[in-house]
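Engineer: final_6.txt is reproduced below (compact mmCIF, C-alpha atoms).
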```txt
# COMPACT_ATOMS: atom_id res chain seq x y z
CA VAL A 1 73.84 -65.51 -35.71
CA VAL A 2 73.44 -69.21 -34.97
CA ASN A 3 71.09 -70.14 -32.13
CA ASN A 4 72.60 -73.27 -30.60
CA PRO A 5 69.86 -75.12 -28.63
CA LEU A 6 72.56 -76.90 -26.63
CA THR A 7 73.98 -73.71 -25.13
CA PRO A 8 71.56 -73.35 -22.17
CA ILE A 9 71.45 -77.10 -21.48
CA ILE A 10 75.14 -78.02 -21.30
CA PRO A 11 75.85 -76.05 -18.06
CA LEU A 12 72.80 -77.62 -16.41
CA ALA A 13 73.89 -81.07 -17.52
CA GLU A 14 77.41 -80.51 -16.19
CA ALA A 15 76.07 -79.30 -12.85
CA LEU A 16 73.85 -82.37 -12.58
CA TYR A 17 76.74 -84.66 -13.45
CA ASN A 18 79.06 -83.01 -10.91
CA SER A 19 76.44 -83.33 -8.18
CA THR A 20 75.80 -87.02 -8.85
CA LYS A 21 79.07 -88.57 -10.04
CA ASP A 22 80.31 -89.29 -6.50
CA ASN A 23 76.96 -90.56 -5.25
CA THR A 24 76.11 -93.50 -7.48
CA GLY A 25 74.59 -96.84 -6.58
CA THR A 26 71.25 -98.47 -5.86
CA ALA A 27 70.75 -97.40 -2.26
CA ILE A 28 68.24 -94.79 -1.16
CA GLY A 29 69.33 -91.34 -2.23
CA GLU A 30 71.91 -92.61 -4.73
CA TYR A 31 71.88 -92.28 -8.52
CA PRO A 32 72.18 -95.12 -11.05
CA ALA A 33 75.82 -95.33 -12.15
CA GLU A 34 74.99 -96.43 -15.68
CA GLU A 35 72.82 -93.37 -16.28
CA VAL A 36 75.37 -91.00 -14.74
CA GLU A 37 78.06 -92.42 -17.05
CA ALA A 38 75.71 -92.05 -20.01
CA LEU A 39 75.17 -88.41 -19.05
CA ALA A 40 78.92 -87.81 -19.09
CA THR A 41 79.10 -89.29 -22.58
CA ALA A 42 76.16 -87.16 -23.74
CA ILE A 43 77.84 -84.01 -22.40
CA GLU A 44 81.06 -84.72 -24.27
CA LYS A 45 79.11 -85.42 -27.44
CA ALA A 46 77.17 -82.17 -27.05
CA LYS A 47 80.37 -80.18 -26.57
CA ALA A 48 81.80 -81.63 -29.77
CA ILE A 49 78.88 -80.35 -31.87
CA SER A 50 79.53 -76.97 -33.42
CA ASP A 51 77.08 -74.10 -33.17
CA ALA A 52 76.31 -74.43 -36.86
CA ASP A 53 75.52 -78.15 -36.59
CA ALA A 54 73.58 -78.28 -33.31
CA THR A 55 69.91 -79.23 -33.66
CA ASP A 56 66.84 -79.48 -31.44
CA THR A 57 67.25 -83.26 -31.64
CA ASP A 58 70.70 -82.96 -30.07
CA ALA A 59 69.22 -80.82 -27.31
CA ASN A 60 66.46 -83.37 -26.73
CA ASP A 61 69.02 -86.17 -26.51
CA LEU A 62 71.01 -84.30 -23.87
CA GLN A 63 67.85 -83.45 -21.92
CA ALA A 64 66.82 -87.12 -22.03
CA ALA A 65 70.21 -88.10 -20.57
CA MET A 66 69.64 -85.61 -17.74
CA ASP A 67 66.15 -86.91 -17.08
CA ALA A 68 67.39 -90.50 -16.92
CA VAL A 69 69.80 -89.57 -14.11
CA LYS A 70 67.00 -88.05 -12.06
CA TYR A 71 65.71 -91.48 -11.13
CA ILE A 72 63.93 -90.86 -7.87
CA LEU A 73 63.73 -92.95 -4.73
CA PRO A 74 61.64 -91.53 -1.91
CA THR A 75 63.57 -90.47 1.19
CA VAL A 76 63.03 -92.66 4.25
CA GLY A 77 61.14 -90.83 7.00
CA GLN A 78 59.72 -88.20 4.64
CA TYR A 79 55.96 -87.87 4.12
CA TYR A 80 54.53 -87.61 0.62
CA GLN A 81 51.32 -87.16 -1.29
CA ILE A 82 50.84 -88.98 -4.59
CA HIS A 83 49.29 -86.70 -7.21
CA SER A 84 47.97 -87.48 -10.68
CA SER A 85 49.64 -85.94 -13.72
CA LEU A 86 46.54 -86.38 -15.89
CA ALA A 87 46.12 -82.92 -17.39
CA ALA A 88 42.39 -83.43 -17.97
CA PHE A 89 41.73 -83.38 -14.24
CA THR A 90 40.71 -79.86 -13.26
CA GLU A 91 41.22 -80.64 -9.56
CA THR A 92 44.22 -82.32 -7.92
CA LYS A 93 43.54 -86.04 -7.75
CA ALA A 94 45.60 -88.00 -5.25
CA ALA A 95 46.05 -91.48 -3.83
CA TYR A 96 44.67 -92.41 -0.42
CA SER A 97 44.01 -95.57 1.56
CA ASN A 98 40.51 -96.77 2.39
CA GLY A 99 42.00 -99.34 4.77
CA THR A 100 41.70 -102.21 2.31
CA GLN A 101 43.03 -100.84 -0.94
CA PRO A 102 44.51 -97.61 -2.31
CA GLU A 103 42.10 -95.42 -4.23
CA TRP A 104 42.17 -92.00 -5.85
CA LYS A 105 39.90 -88.99 -5.63
CA THR A 106 40.10 -85.20 -5.17
CA LEU A 107 42.84 -84.33 -2.68
CA ASN A 108 41.79 -83.39 0.84
CA GLU A 109 44.75 -81.90 2.71
CA ASP A 110 42.97 -82.45 6.04
CA ASP A 111 42.53 -86.20 5.52
CA GLN A 112 45.30 -88.34 7.04
CA SER A 113 44.72 -91.09 4.50
CA PHE A 114 46.28 -88.93 1.75
CA TYR A 115 49.63 -88.86 3.59
CA TRP A 116 52.25 -91.55 2.95
CA GLN A 117 55.50 -92.05 4.82
CA ALA A 118 58.50 -93.59 3.08
CA VAL A 119 59.93 -96.44 5.15
CA ALA A 120 62.89 -98.74 4.49
CA THR A 121 62.26 -102.32 3.39
CA ALA A 122 64.42 -105.29 4.36
CA ASP A 123 65.96 -105.43 0.88
CA GLY A 124 67.14 -101.81 1.05
CA GLY A 125 64.23 -100.38 -0.90
CA VAL A 126 61.43 -98.03 0.09
CA ALA A 127 57.77 -98.71 0.82
CA PHE A 128 54.90 -96.28 1.38
CA LYS A 129 53.11 -96.53 4.73
CA ASN A 130 49.78 -94.76 5.08
CA ALA A 131 49.64 -92.22 7.89
CA LYS A 132 46.05 -93.01 8.83
CA ASP A 133 45.81 -96.79 8.93
CA GLY A 134 49.50 -97.72 9.17
CA LYS A 135 49.19 -100.10 6.22
CA TYR A 136 51.53 -100.40 3.25
CA LEU A 137 50.87 -99.71 -0.41
CA GLN A 138 50.96 -103.12 -2.04
CA GLY A 139 51.40 -103.61 -5.79
CA HIS A 140 50.34 -106.67 -7.75
CA GLY A 141 50.65 -107.97 -11.30
CA LYS A 142 49.29 -106.42 -14.47
CA ASP A 143 45.52 -105.82 -14.42
CA GLN A 144 45.36 -106.82 -10.75
CA ALA A 145 44.02 -104.39 -8.16
CA TRP A 146 46.53 -102.95 -5.69
CA THR A 147 45.84 -103.43 -1.99
CA MET A 148 46.89 -102.25 1.45
CA ALA A 149 48.93 -104.70 3.55
CA ASP A 150 49.77 -104.89 7.26
CA GLU A 151 53.41 -105.47 6.30
CA SER A 152 55.50 -104.59 3.26
CA THR A 153 55.90 -108.06 1.77
CA ASN A 154 57.05 -107.31 -1.76
CA ALA A 155 59.65 -105.24 -3.58
CA GLY A 156 60.02 -101.60 -2.69
CA ILE A 157 58.80 -98.65 -4.71
CA SER A 158 60.70 -97.14 -7.58
CA VAL A 159 59.78 -94.04 -9.53
CA LYS A 160 60.43 -93.95 -13.27
CA ILE A 161 60.55 -90.69 -15.20
CA PHE A 162 58.84 -90.85 -18.56
CA ALA A 163 58.84 -87.27 -19.76
CA LYS A 164 58.66 -83.61 -18.86
CA ASP A 165 55.05 -82.96 -17.94
CA GLU A 166 53.16 -80.71 -20.33
CA ASN A 167 50.93 -79.21 -17.63
CA ALA A 168 53.70 -77.69 -15.50
CA LYS A 169 53.43 -80.24 -12.71
CA GLY A 170 57.05 -81.29 -13.04
CA TYR A 171 57.97 -84.69 -14.44
CA GLU A 172 55.63 -87.52 -15.33
CA TYR A 173 56.52 -90.46 -13.15
CA GLY A 174 55.43 -94.06 -13.13
CA LEU A 175 55.07 -95.29 -9.54
CA ILE A 176 56.33 -98.86 -9.80
CA ILE A 177 56.19 -101.86 -7.48
CA GLY A 178 57.63 -105.10 -8.80
CA ASP A 179 57.12 -105.18 -12.56
CA CYS A 180 53.97 -103.03 -12.76
CA GLN A 181 53.12 -99.38 -12.29
CA MET A 182 50.16 -97.79 -10.53
CA HIS A 183 47.30 -97.05 -12.92
CA ALA A 184 44.14 -95.10 -12.06
CA MET A 185 41.08 -97.10 -13.04
CA ASN A 186 37.84 -95.51 -14.30
CA HIS A 187 39.51 -92.14 -14.86
CA GLY A 188 37.30 -91.47 -17.89
CA GLY A 189 39.97 -89.32 -19.52
CA GLY A 190 39.60 -86.83 -16.70
CA THR A 191 35.86 -87.09 -16.11
CA GLY A 192 36.10 -89.72 -13.38
CA ASN A 193 35.55 -88.75 -9.74
CA GLY A 194 37.50 -91.55 -8.13
CA SER A 195 38.24 -95.26 -8.22
CA TYR A 196 40.89 -97.88 -7.45
CA PHE A 197 44.37 -98.70 -8.80
CA ALA A 198 45.57 -101.66 -10.82
CA GLY A 199 48.91 -102.78 -12.23
CA TYR A 200 49.90 -101.53 -15.68
CA ASP A 201 52.73 -101.92 -18.20
CA THR A 202 55.88 -100.20 -16.91
CA ASN A 203 56.98 -99.29 -20.45
CA SER A 204 53.93 -97.15 -21.12
CA ALA A 205 53.67 -93.51 -20.10
CA ASN A 206 49.88 -93.68 -20.20
CA SER A 207 48.50 -90.46 -18.75
CA ALA A 208 46.48 -92.28 -16.11
CA SER A 209 49.64 -94.12 -15.04
CA SER A 210 51.64 -90.92 -14.66
CA TRP A 211 51.89 -89.77 -11.06
CA PHE A 212 54.28 -87.66 -9.10
CA ILE A 213 55.20 -87.70 -5.45
CA VAL A 214 55.13 -84.44 -3.52
CA LYS A 215 57.12 -83.92 -0.32
CA VAL A 216 54.82 -82.60 2.39
CA ASP A 217 55.05 -81.61 6.02
CA TYR A 218 52.99 -84.04 8.02
CA LYS A 219 50.26 -82.36 9.99
CA GLU A 220 49.41 -83.44 13.50
CA PHE A 221 45.90 -84.85 13.39
CA HIS A 222 43.80 -85.16 16.53
CA ASP A 223 40.36 -86.60 17.20
CA VAL A 224 38.32 -83.96 19.00
CA THR A 225 34.98 -84.41 20.74
CA TYR A 226 32.72 -81.36 20.95
CA ASN A 227 30.07 -81.19 23.67
CA PHE A 228 27.04 -79.03 22.95
CA VAL A 229 24.39 -77.91 25.39
CA TYR A 230 20.79 -77.93 24.15
CA ASN A 231 17.95 -77.02 26.55
CA GLY A 232 20.28 -77.65 29.43
CA ASP A 233 21.32 -81.12 28.26
CA VAL A 234 24.80 -82.01 27.01
```
Here is the file; what I need is its structure written in the form of C-alpha cells.
Structural biologist:
Amino acid sequence: VVNNPLTPIIPLAEALYNSTKDNTGTAIGEYPAEEVEALATAIEKAKAISDADATDTDANDLQAAMDAVKYILPTVGQYYQIHSSLAAFTETKAAYSNGTQPEWKTLNEDDQSFYWQAVATADGGVAFKNAKDGKYLQGHGKDQAWTMADESTNAGISVKIFAKDENAKGYEYGLIIGDCQMHAMNHGGGTGNGSYFAGYDTNSANSASSWFIVKVDYKEFHDVTYNFVYNGDV
C-alpha cells in the first residue's frame, strides 16, 4: 500500500482555489491573482504525480502554494489584537500603544490599548488605529523605532505568511508597513518582559518578528468613579 502524502492536501487546495479564484486583486478582502494562479498550477502538478512517485517534498510544495494564497489583509471596521508567535514566551505577549509608540508586554484583555481597529487608508490599504488613544500604528525604516501617529501618513499594513507555526498558534505572520516588518526589541529569546518595536528585514521569519492578528469583539470600556464613605466623609 502506497501512502500518498498529497491525498489529504489536494481536496483542501482545490477548495481554497475555488473559494478565491473569483475574488482576486489588491483591494481589502481580495486575494493576490498571481498566487491564486500559482496554486492552480500546483494543483494540476500534484494531480499528475502518481501514488508511487509522490513525496513529502511534493506535499510541502503544494502546502506552500496554499499558504501563499492566504495573504491576509485586515478587515476594515474589525478590531484586532496583535499577538507574538515567539514560542519561548510562556504568556501571551501582545502589542499595545503607550500613546507615543507601540510596545509589547503580557496581554491584558481589560486594557483598551491592546485593541486595534482596522481602518481604510486613502490609497486603499489598511491601517491600525488604537482603541484607547485613537492614534495609528506607524512603521519606519529598518532598525528605526515604530511610533504612534495622529494620522495614518504612510503605506497601509500588509501581513505576510512565513510558515505554519510550530506552537499551534496558527501561521507565523510578519506585520509589515512599507518595506519593514514589526520586530519586538529586547525579547531576550523569550525572557524579556516588554519593550518597543523597530523595523526589521521583511525577508526574515525571525521568531521575534513573527506576529499574528486575532479578531476580537471590542469591549465597551467606561471610566467609573467610586465614592467611599470613611468616618462619615466621602
Engineer: Expressed in Å to a single decimal, how great is the separation between CA of Ile49 in chain A and CA of Thr20 in chain A?
Structural biologist: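 Between CA of Ile49 in chain A and CA of Thr20 in chain A the gap works out to 24.2 Å.
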Engineer: Between A:Asn18, A:Ile9, A:Ser50, A:Glu109, which residue has the minimum interatomic distance to Phe221 in chain A, considering all atoms listed in the file?
Structural biologist: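 The closest residue to Phe221 in chain A is A:Glu109.
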Engineer: Rounded to one decimal in Å, what is the spacing between CA of Trp104 in chain A and CA of Asp201 in chain A?
Structural biologist: 19.0 Å
Engineer: Measure the distance from CA of Thr24 in chain A to CA of Val69 in chain A in Å and round it to one decimal.
Structural biologist: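 Between CA of Thr24 in chain A and CA of Val69 in chain A the gap is 10.0 Å.
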Engineer: Padding 3 Å on each side, edges along x, y and z: where is the centre of the box around the listed atoms of range 35-49 of chain A, and how long are its edges in Å to one decimal? Output it as JSON.
Structural biologist:
```
{"center_x": 77.3, "center_y": -86.8, "center_z": -23.3, "size_x": 15.0, "size_y": 19.2, "size_z": 23.1}
```
Engineer: Do a neighbour search on Cys180 in chain A at 7 Å with all atoms listed in the file, toss out local chain neighbours closer than 5 positions, and write the hits as a list in words.
Structural biologist: Gly141, Lys142, Gly199, Tyr200, Asp201 and Thr202 of chain A
Engineer: Which polymer residues have any atom within 12 Å of an atom of Pro11 in chain A, counting only C-alpha atoms, with same-chain residues fewer than 2 positions away left out, as an mmCIF file with C-alpha atoms, in the coordinates of the input?
Structural biologist:
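Result saved to around.cif:
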```cif
data_model
loop_
_atom_site.group_PDB
_atom_site.id
_atom_site.type_symbol
_atom_site.label_atom_id
_atom_site.label_comp_id
_atom_site.auth_asym_id
_atom_site.auth_seq_id
_atom_site.Cartn_x
_atom_site.Cartn_y
_atom_site.Cartn_z
ATOM 1 C CA LEU A 6 72.560 -76.900 -26.630
ATOM 2 C CA THR A 7 73.980 -73.710 -25.130
ATOM 3 C CA PRO A 8 71.560 -73.350 -22.170
ATOM 4 C CA ILE A 9 71.450 -77.100 -21.480
ATOM 5 C CA ALA A 13 73.890 -81.070 -17.520
ATOM 6 C CA GLU A 14 77.410 -80.510 -16.190
ATOM 7 C CA ALA A 15 76.070 -79.300 -12.850
ATOM 8 C CA LEU A 16 73.850 -82.370 -12.580
ATOM 9 C CA TYR A 17 76.740 -84.660 -13.450
ATOM 10 C CA ASN A 18 79.060 -83.010 -10.910
ATOM 11 C CA ILE A 43 77.840 -84.010 -22.400
ATOM 12 C CA GLU A 44 81.060 -84.720 -24.270
ATOM 13 C CA ALA A 46 77.170 -82.170 -27.050
ATOM 14 C CA LYS A 47 80.370 -80.180 -26.570
ATOM 15 C CA LEU A 62 71.010 -84.300 -23.870
ATOM 16 C CA GLN A 63 67.850 -83.450 -21.920
ATOM 17 C CA MET A 66 69.640 -85.610 -17.740
#
```
Engineer: So that I can check the surroundings of Met185 in chain A, please list as a PyMOL selection string every protein, DNA and RNA residue that reaches within 12 Å of it, counting all atoms listed in the file and ignoring chain neighbours fewer than 4 positions away.
Structural biologist: chain A and resi 95+102-105+143-146+189-200+206-209
